[in-house]
Amino acid sequence: MRKILIKIRERIRMAGGVKQISIDAVLPIVLLPLMFSVAAINFYFMITICIVMPLFLGYAQWLRKSFAPRTKFFFMWSLWSGIYLWILFEMTVPLMELLPEENFIFITTMFAAAFCFYKTRQKAADNYVAPKTDDIDSIRDTDQTRLLMDVEEVDENDDSKENSETDSDPCDFMMSKTNNVCPKCRRYIPPRAFHCRICQQCIAKRDHHSIWLDCCIGQSNHKFFLAGCFLAMFALLFGANLSMTSICHPFFVFRIFSISVLLPDDCSDVFDQYDIALCFVGSIYATVMAICCLIILVQQCYLILKGVTASEWSRGDINRNGCVMNLKTFLCCAR
């Protein structure tokens with residue numbers, strides 16, 4: 001099977017045959033609609049897919065940590081999840097007496113979230129700490145040089161045992177003793193900069209490496225990342241609510257700006273028609289994705305008010321400033 005997959009990967013090429021298409025980048029394109037289609041058969045298939053999908057993603061995460069730290073699988077999974085949900089929504093829900101204003105709000109919010117995530121990836125390279133010409137030559141102290149070599153050996157032995165992108169490297173606790181020199185890059189780095197073993201770069205004010213966007217979140221793209229998560233959460237919840245209230249029996253909650261806010265009440269007959277069931281499965285999936293975005297936002301807001309990044313929090317760093325000052329520092333881009 002491994003030989004077959006390698007052969008397929010070698011044969012599948014992009015236009016001109018210049019660049020190969022990796023299997024991990026193609027799998028989400030096939031697996032997502034397949035899982036949606038199976039889950040829409042009946043209620044029991046949907047429960048089975050709801051159990052299998054997180055187990056499969058967890059196994060993919062374990063494979064990534066063990067064999068391929070840099071992979072496009074999770075980025076393609078999140079990208080095609082948004083594309084499939086948008087296609088499913090536009091092909092099914094607007095046909096069920098959806099107001100044009102509601103559809104406009106959903107489309108605008110979803111494209112705004114996509115733009116923020118695009119800027120997050122685009123500005124990720126701006127977080128890289130530029131090397132200096134005297135990074136290595138300026139390290140004259142033999143004790144410091146010996147310390148760097150010893151810590152590097154420890155780090156090489158422990159690289160395979162790291163459990164997450166925000167986990168501290170074994171040498172990071174030595175940063176203050178080596179005049180802010182990165183033991184891996186052998187270069188001087190600014191305060192609050194940390195080395196990412198996936199990007200193989202020192203990241204300014206590094207928060208974490210997002211596998212879903214395949215880039216590091218740091219000083220230059222942190223705000224775009226938070227804005228994208230918030231807009232994506234709103235778009236997913238709004239779209240899921242519109243879908244559920246269209247295919248289920250809704251009940252009235254309140255009215256705002258001449259728009260009635262509804263919530264689903266009875267969804268017992270959604271599996272009687274396949275396209276309705278497919279829309280229902282997409283709504284459940286969108287709700288789960290929105291909950292994940294909400295968890296990320298809550299965690300990020302807590303860290304911002306504490307005045308630390310996720311990398312600093314995992315290393316036990318503490319910021320003594322108050323919540324208001326920390327929030328002001330983050331919004332004003334102060335280092």
# chains A, B, ... in the order shown; residues from 1 in each chain; ligands from 1
>>> residues_around(residues="range 188-190 of chain A", least_positions_apart="5", cutoff="7 Å", atoms="only C-alpha atoms", output="PDB file with all heavy atoms, in the first residue's frame")
ATOM      1  N   VAL A 129      12.516  36.539  12.277  1.00  0.00           N
ATOM      2  CA  VAL A 129      13.570  37.418  12.768  1.00  0.00           C
ATOM      3  C   VAL A 129      14.709  37.416  11.754  1.00  0.00           C
ATOM      4  O   VAL A 129      15.267  36.360  11.435  1.00  0.00           O
ATOM      5  CB  VAL A 129      14.074  36.958  14.148  1.00  0.00           C
ATOM      6  CG1 VAL A 129      15.233  37.829  14.614  1.00  0.00           C
ATOM      7  CG2 VAL A 129      12.933  36.996  15.152  1.00  0.00           C
ATOM      8  N   ASP A 135      25.982  37.465  14.070  1.00  0.00           N
ATOM      9  CA  ASP A 135      25.274  36.644  15.046  1.00  0.00           C
ATOM     10  C   ASP A 135      26.192  35.633  15.707  1.00  0.00           C
ATOM     11  O   ASP A 135      26.162  35.434  16.908  1.00  0.00           O
ATOM     12  CB  ASP A 135      24.102  35.917  14.371  1.00  0.00           C
ATOM     13  CG  ASP A 135      22.886  36.818  14.256  1.00  0.00           C
ATOM     14  OD1 ASP A 135      22.796  37.766  15.057  1.00  0.00           O
ATOM     15  OD2 ASP A 135      22.051  36.591  13.379  1.00  0.00           O
ATOM     16  N   ASN A 180      19.767  36.415  24.973  1.00  0.00           N
ATOM     17  CA  ASN A 180      18.766  36.313  23.910  1.00  0.00           C
ATOM     18  C   ASN A 180      19.346  35.753  22.622  1.00  0.00           C
ATOM     19  O   ASN A 180      19.104  36.271  21.534  1.00  0.00           O
ATOM     20  CB  ASN A 180      18.115  37.676  23.647  1.00  0.00           C
ATOM     21  CG  ASN A 180      17.201  38.096  24.772  1.00  0.00           C
ATOM     22  OD1 ASN A 180      16.603  37.260  25.440  1.00  0.00           O
ATOM     23  ND2 ASN A 180      17.086  39.389  25.002  1.00  0.00           N
ATOM     24  N   VAL A 181      20.132  34.706  22.735  1.00  0.00           N
ATOM     25  CA  VAL A 181      20.663  34.005  21.573  1.00  0.00           C
ATOM     26  C   VAL A 181      19.874  32.720  21.384  1.00  0.00           C
ATOM     27  O   VAL A 181      19.699  31.951  22.328  1.00  0.00           O
ATOM     28  CB  VAL A 181      22.163  33.691  21.744  1.00  0.00           C
ATOM     29  CG1 VAL A 181      22.665  32.841  20.583  1.00  0.00           C
ATOM     30  CG2 VAL A 181      22.954  34.969  21.849  1.00  0.00           C
ATOM     31  N   CYS A 182      19.383  32.505  20.161  1.00  0.00           N
ATOM     32  CA  CYS A 182      18.647  31.277  19.878  1.00  0.00           C
ATOM     33  C   CYS A 182      19.631  30.122  19.758  1.00  0.00           C
ATOM     34  O   CYS A 182      20.517  30.147  18.891  1.00  0.00           O
ATOM     35  CB  CYS A 182      17.843  31.420  18.588  1.00  0.00           C
ATOM     36  SG  CYS A 182      16.979  29.899  18.120  1.00  0.00           S
TER      37      CYS A 182
END
>>> atom_distance(atom1="CA of Lys306 in chain A", atom2="CA of Ala130 in chain A")
28.0 Å
>>> closest_residue(among="A:Gly82, A:Asp265, A:Lys123, A:Ser66", to="Pro28 in chain A", atoms="only C-alpha atoms")
A:Gly82
>>> residues_around(residues="Thr287 in chain A", least_positions_apart="6", cutoff="10 Å", atoms="only C-alpha atoms", output="PDB file with N, CA and C atoms, in the first residue's frame")
ATOM      1  N   MET A 233     -16.419  32.286  13.291  1.00  0.00           N
ATOM      2  CA  MET A 233     -17.379  31.798  14.278  1.00  0.00           C
ATOM      3  C   MET A 233     -18.768  32.365  14.015  1.00  0.00           C
ATOM      4  N   LEU A 236     -20.220  30.845  10.710  1.00  0.00           N
ATOM      5  CA  LEU A 236     -20.603  29.443  10.880  1.00  0.00           C
ATOM      6  C   LEU A 236     -21.879  29.308  11.698  1.00  0.00           C
ATOM      7  N   LEU A 237     -21.963  30.048  12.809  1.00  0.00           N
ATOM      8  CA  LEU A 237     -23.167  29.990  13.633  1.00  0.00           C
ATOM      9  C   LEU A 237     -24.372  30.563  12.899  1.00  0.00           C
ATOM     10  N   PHE A 238     -24.165  31.671  12.190  1.00  0.00           N
ATOM     11  CA  PHE A 238     -25.259  32.293  11.453  1.00  0.00           C
ATOM     12  C   PHE A 238     -25.745  31.380  10.333  1.00  0.00           C
ATOM     13  N   GLY A 239     -24.800  30.809   9.582  1.00  0.00           N
ATOM     14  CA  GLY A 239     -25.184  29.904   8.511  1.00  0.00           C
ATOM     15  C   GLY A 239     -25.846  28.642   9.022  1.00  0.00           C
ATOM     16  N   ALA A 240     -25.328  28.096  10.135  1.00  0.00           N
ATOM     17  CA  ALA A 240     -25.943  26.898  10.703  1.00  0.00           C
ATOM     18  C   ALA A 240     -27.355  27.181  11.191  1.00  0.00           C
ATOM     19  N   ASN A 241     -27.567  28.352  11.791  1.00  0.00           N
ATOM     20  CA  ASN A 241     -28.900  28.703  12.266  1.00  0.00           C
ATOM     21  C   ASN A 241     -29.877  28.896  11.106  1.00  0.00           C
ATOM     22  N   VAL A 281     -26.543  17.765   8.184  1.00  0.00           N
ATOM     23  CA  VAL A 281     -25.206  17.315   8.574  1.00  0.00           C
ATOM     24  C   VAL A 281     -24.207  18.468   8.464  1.00  0.00           C
ATOM     25  N   CYS A 293     -13.743  27.560  17.139  1.00  0.00           N
ATOM     26  CA  CYS A 293     -13.302  28.964  17.017  1.00  0.00           C
ATOM     27  C   CYS A 293     -13.552  29.727  18.303  1.00  0.00           C
TER      28      CYS A 293
END
>>> residues_around(residues="Arg206 in chain A", least_positions_apart="4", cutoff="6 Å", atoms="only C-alpha atoms", output="list in words")
Ala193, Phe194 and Gly218 of chain A
>>> write_last_selection(atoms="C-alpha atoms", output="mmCIF file, in the first residue's frame")
data_model
loop_
_atom_site.group_PDB
_atom_site.id
_atom_site.type_symbol
_atom_site.label_atom_id
_atom_site.label_comp_id
_atom_site.auth_asym_id
_atom_site.auth_seq_id
_atom_site.Cartn_x
_atom_site.Cartn_y
_atom_site.Cartn_z
ATOM 1 C CA ALA A 193 10.866 35.853 20.176
ATOM 2 C CA PHE A 194 10.929 32.064 20.072
ATOM 3 C CA GLY A 218 3.116 36.119 15.841
#
>>> atom_distance(atom1="CA of Ile296 in chain A", atom2="CA of Ala227 in chain A")
11.5 Å
>>> atom_distance(atom1="CA of Leu303 in chain A", atom2="CA of Ile203 in chain A")
17.7 Å
>>> closest_residue(among="A:Cys229, A:Ile105, A:Ile284, A:Leu63", to="Met46 in chain A", atoms="only C-alpha atoms")
A:Ile284
>>> residues_around(residues="Leu32 in chain A", least_positions_apart="3", cutoff="9 Å", atoms="only C-alpha atoms", output="NGL selection string")
:A and (27-29 or 35-37 or 77 or 80-81 or 84)
>>> write_last_selection(atoms="N, CA, C and O atoms", output="tab-separated table (two decimals), in the first residue's frame")
chain	number	residue	atom	x	y	z
A	27	LEU	N	-6.19	14.36	0.16
A	27	LEU	CA	-7.13	13.58	0.96
A	27	LEU	C	-8.34	14.36	1.44
A	27	LEU	O	-9.47	13.86	1.35
A	28	PRO	N	-8.20	15.58	1.98
A	28	PRO	CA	-9.39	16.30	2.45
A	28	PRO	C	-10.41	16.57	1.35
A	28	PRO	O	-11.62	16.61	1.62
A	29	ILE	N	-9.95	16.77	0.13
A	29	ILE	CA	-10.86	17.04	-0.98
A	29	ILE	C	-11.78	15.85	-1.22
A	29	ILE	O	-12.95	16.02	-1.62
A	35	MET	N	-17.51	11.78	3.73
A	35	MET	CA	-18.07	11.70	5.08
A	35	MET	C	-19.43	12.38	5.17
A	35	MET	O	-20.35	11.87	5.83
A	36	PHE	N	-19.58	13.53	4.52
A	36	PHE	CA	-20.88	14.20	4.51
A	36	PHE	C	-21.95	13.32	3.87
A	36	PHE	O	-23.08	13.22	4.37
A	37	SER	N	-21.59	12.68	2.75
A	37	SER	CA	-22.55	11.85	2.03
A	37	SER	C	-22.97	10.64	2.85
A	37	SER	O	-24.16	10.27	2.88
A	77	TRP	N	-7.79	20.74	4.93
A	77	TRP	CA	-9.04	20.30	5.59
A	77	TRP	C	-9.88	21.52	5.96
A	77	TRP	O	-11.10	21.54	5.71
A	80	TRP	N	-11.12	23.38	2.58
A	80	TRP	CA	-12.21	22.72	1.87
A	80	TRP	C	-13.45	22.53	2.73
A	80	TRP	O	-14.56	22.38	2.20
A	81	SER	N	-13.29	22.56	4.04
A	81	SER	CA	-14.48	22.56	4.90
A	81	SER	C	-15.30	23.82	4.66
A	81	SER	O	-16.53	23.76	4.51
A	84	TYR	N	-16.87	23.61	1.03
A	84	TYR	CA	-17.99	22.67	0.92
A	84	TYR	C	-19.21	23.18	1.67
A	84	TYR	O	-20.35	23.03	1.21
>>> select_by_dssp(residues="range 219-323 of chain A", states="strand (DSSP E or B)", output="VMD selection string")
chain A and resid 249 to 256 259 to 266
>>> decode(residues="range 264-275 of chain A", atoms="all heavy atoms", output="short mmCIF file (atom, residue, chain, number, x, y, z; two decimals), in the first residue's frame")
data_model
loop_
_atom_site.label_atom_id
_atom_site.label_comp_id
_atom_site.auth_asym_id
_atom_site.auth_seq_id
_atom_site.Cartn_x
_atom_site.Cartn_y
_atom_site.Cartn_z
N PRO A 264 -34.15 26.59 15.69
CA PRO A 264 -34.80 25.32 15.31
C PRO A 264 -35.48 24.66 16.50
O PRO A 264 -35.02 24.75 17.63
CB PRO A 264 -33.63 24.47 14.80
CG PRO A 264 -32.42 25.04 15.47
CD PRO A 264 -32.69 26.52 15.63
N ASP A 265 -36.59 24.01 16.22
CA ASP A 265 -37.37 23.37 17.29
C ASP A 265 -37.43 21.85 17.11
O ASP A 265 -36.92 21.10 17.94
CB ASP A 265 -38.78 23.96 17.31
CG ASP A 265 -39.59 23.45 18.49
OD1 ASP A 265 -38.99 22.87 19.41
OD2 ASP A 265 -40.83 23.63 18.49
N ASP A 266 -38.00 21.39 16.00
CA ASP A 266 -38.18 19.95 15.77
C ASP A 266 -37.47 19.57 14.47
O ASP A 266 -37.82 20.05 13.40
CB ASP A 266 -39.66 19.61 15.69
CG ASP A 266 -39.90 18.12 15.53
OD1 ASP A 266 -38.95 17.35 15.75
OD2 ASP A 266 -41.03 17.74 15.16
N CYS A 267 -36.45 18.70 14.57
CA CYS A 267 -35.70 18.24 13.40
C CYS A 267 -35.82 16.73 13.22
O CYS A 267 -34.89 16.07 12.73
CB CYS A 267 -34.23 18.64 13.52
SG CYS A 267 -33.93 20.41 13.65
N SER A 268 -36.94 16.17 13.61
CA SER A 268 -37.08 14.71 13.62
C SER A 268 -37.24 14.12 12.23
O SER A 268 -36.98 12.93 12.02
CB SER A 268 -38.28 14.30 14.48
OG SER A 268 -39.46 14.94 14.01
N ASP A 269 -37.65 14.93 11.24
CA ASP A 269 -37.93 14.39 9.91
C ASP A 269 -36.91 14.83 8.86
O ASP A 269 -37.19 14.79 7.67
CB ASP A 269 -39.33 14.81 9.46
CG ASP A 269 -39.52 16.32 9.48
OD1 ASP A 269 -38.65 17.00 10.05
OD2 ASP A 269 -40.54 16.80 8.95
N VAL A 270 -35.72 15.26 9.29
CA VAL A 270 -34.74 15.78 8.32
C VAL A 270 -34.16 14.66 7.46
O VAL A 270 -33.71 14.92 6.33
CB VAL A 270 -33.61 16.53 9.04
CG1 VAL A 270 -34.13 17.80 9.69
CG2 VAL A 270 -32.93 15.65 10.07
N PHE A 271 -34.15 13.43 7.94
CA PHE A 271 -33.56 12.33 7.18
C PHE A 271 -34.55 11.68 6.23
O PHE A 271 -34.21 10.67 5.59
CB PHE A 271 -32.99 11.28 8.14
CG PHE A 271 -31.74 11.72 8.85
CD1 PHE A 271 -31.81 12.22 10.14
CD2 PHE A 271 -30.51 11.67 8.22
CE1 PHE A 271 -30.66 12.63 10.81
CE2 PHE A 271 -29.36 12.09 8.87
CZ PHE A 271 -29.44 12.59 10.17
N ASP A 272 -35.73 12.25 6.10
CA ASP A 272 -36.70 11.72 5.15
C ASP A 272 -36.33 12.07 3.71
O ASP A 272 -36.75 11.40 2.77
CB ASP A 272 -38.10 12.25 5.47
CG ASP A 272 -38.61 11.75 6.81
OD1 ASP A 272 -38.06 10.75 7.31
OD2 ASP A 272 -39.55 12.36 7.36
N GLN A 273 -35.56 13.13 3.52
CA GLN A 273 -35.12 13.58 2.20
C GLN A 273 -33.62 13.78 2.24
O GLN A 273 -33.09 14.43 3.14
CB GLN A 273 -35.85 14.88 1.81
CG GLN A 273 -35.65 15.30 0.38
CD GLN A 273 -36.50 16.50 0.01
OE1 GLN A 273 -37.47 16.82 0.71
NE2 GLN A 273 -36.14 17.17 -1.07
N TYR A 274 -32.90 13.22 1.23
CA TYR A 274 -31.44 13.16 1.31
C TYR A 274 -30.80 14.54 1.28
O TYR A 274 -29.87 14.80 2.04
CB TYR A 274 -30.90 12.31 0.16
CG TYR A 274 -29.40 12.07 0.26
CD1 TYR A 274 -28.89 11.13 1.14
CD2 TYR A 274 -28.52 12.81 -0.52
CE1 TYR A 274 -27.52 10.91 1.25
CE2 TYR A 274 -27.15 12.61 -0.43
CZ TYR A 274 -26.66 11.66 0.46
OH TYR A 274 -25.31 11.48 0.56
N ASP A 275 -31.27 15.45 0.40
CA ASP A 275 -30.64 16.77 0.32
C ASP A 275 -30.86 17.57 1.60
O ASP A 275 -29.99 18.34 2.02
CB ASP A 275 -31.16 17.53 -0.89
CG ASP A 275 -32.67 17.68 -0.88
OD1 ASP A 275 -33.33 16.91 -0.16
OD2 ASP A 275 -33.18 18.57 -1.59
#
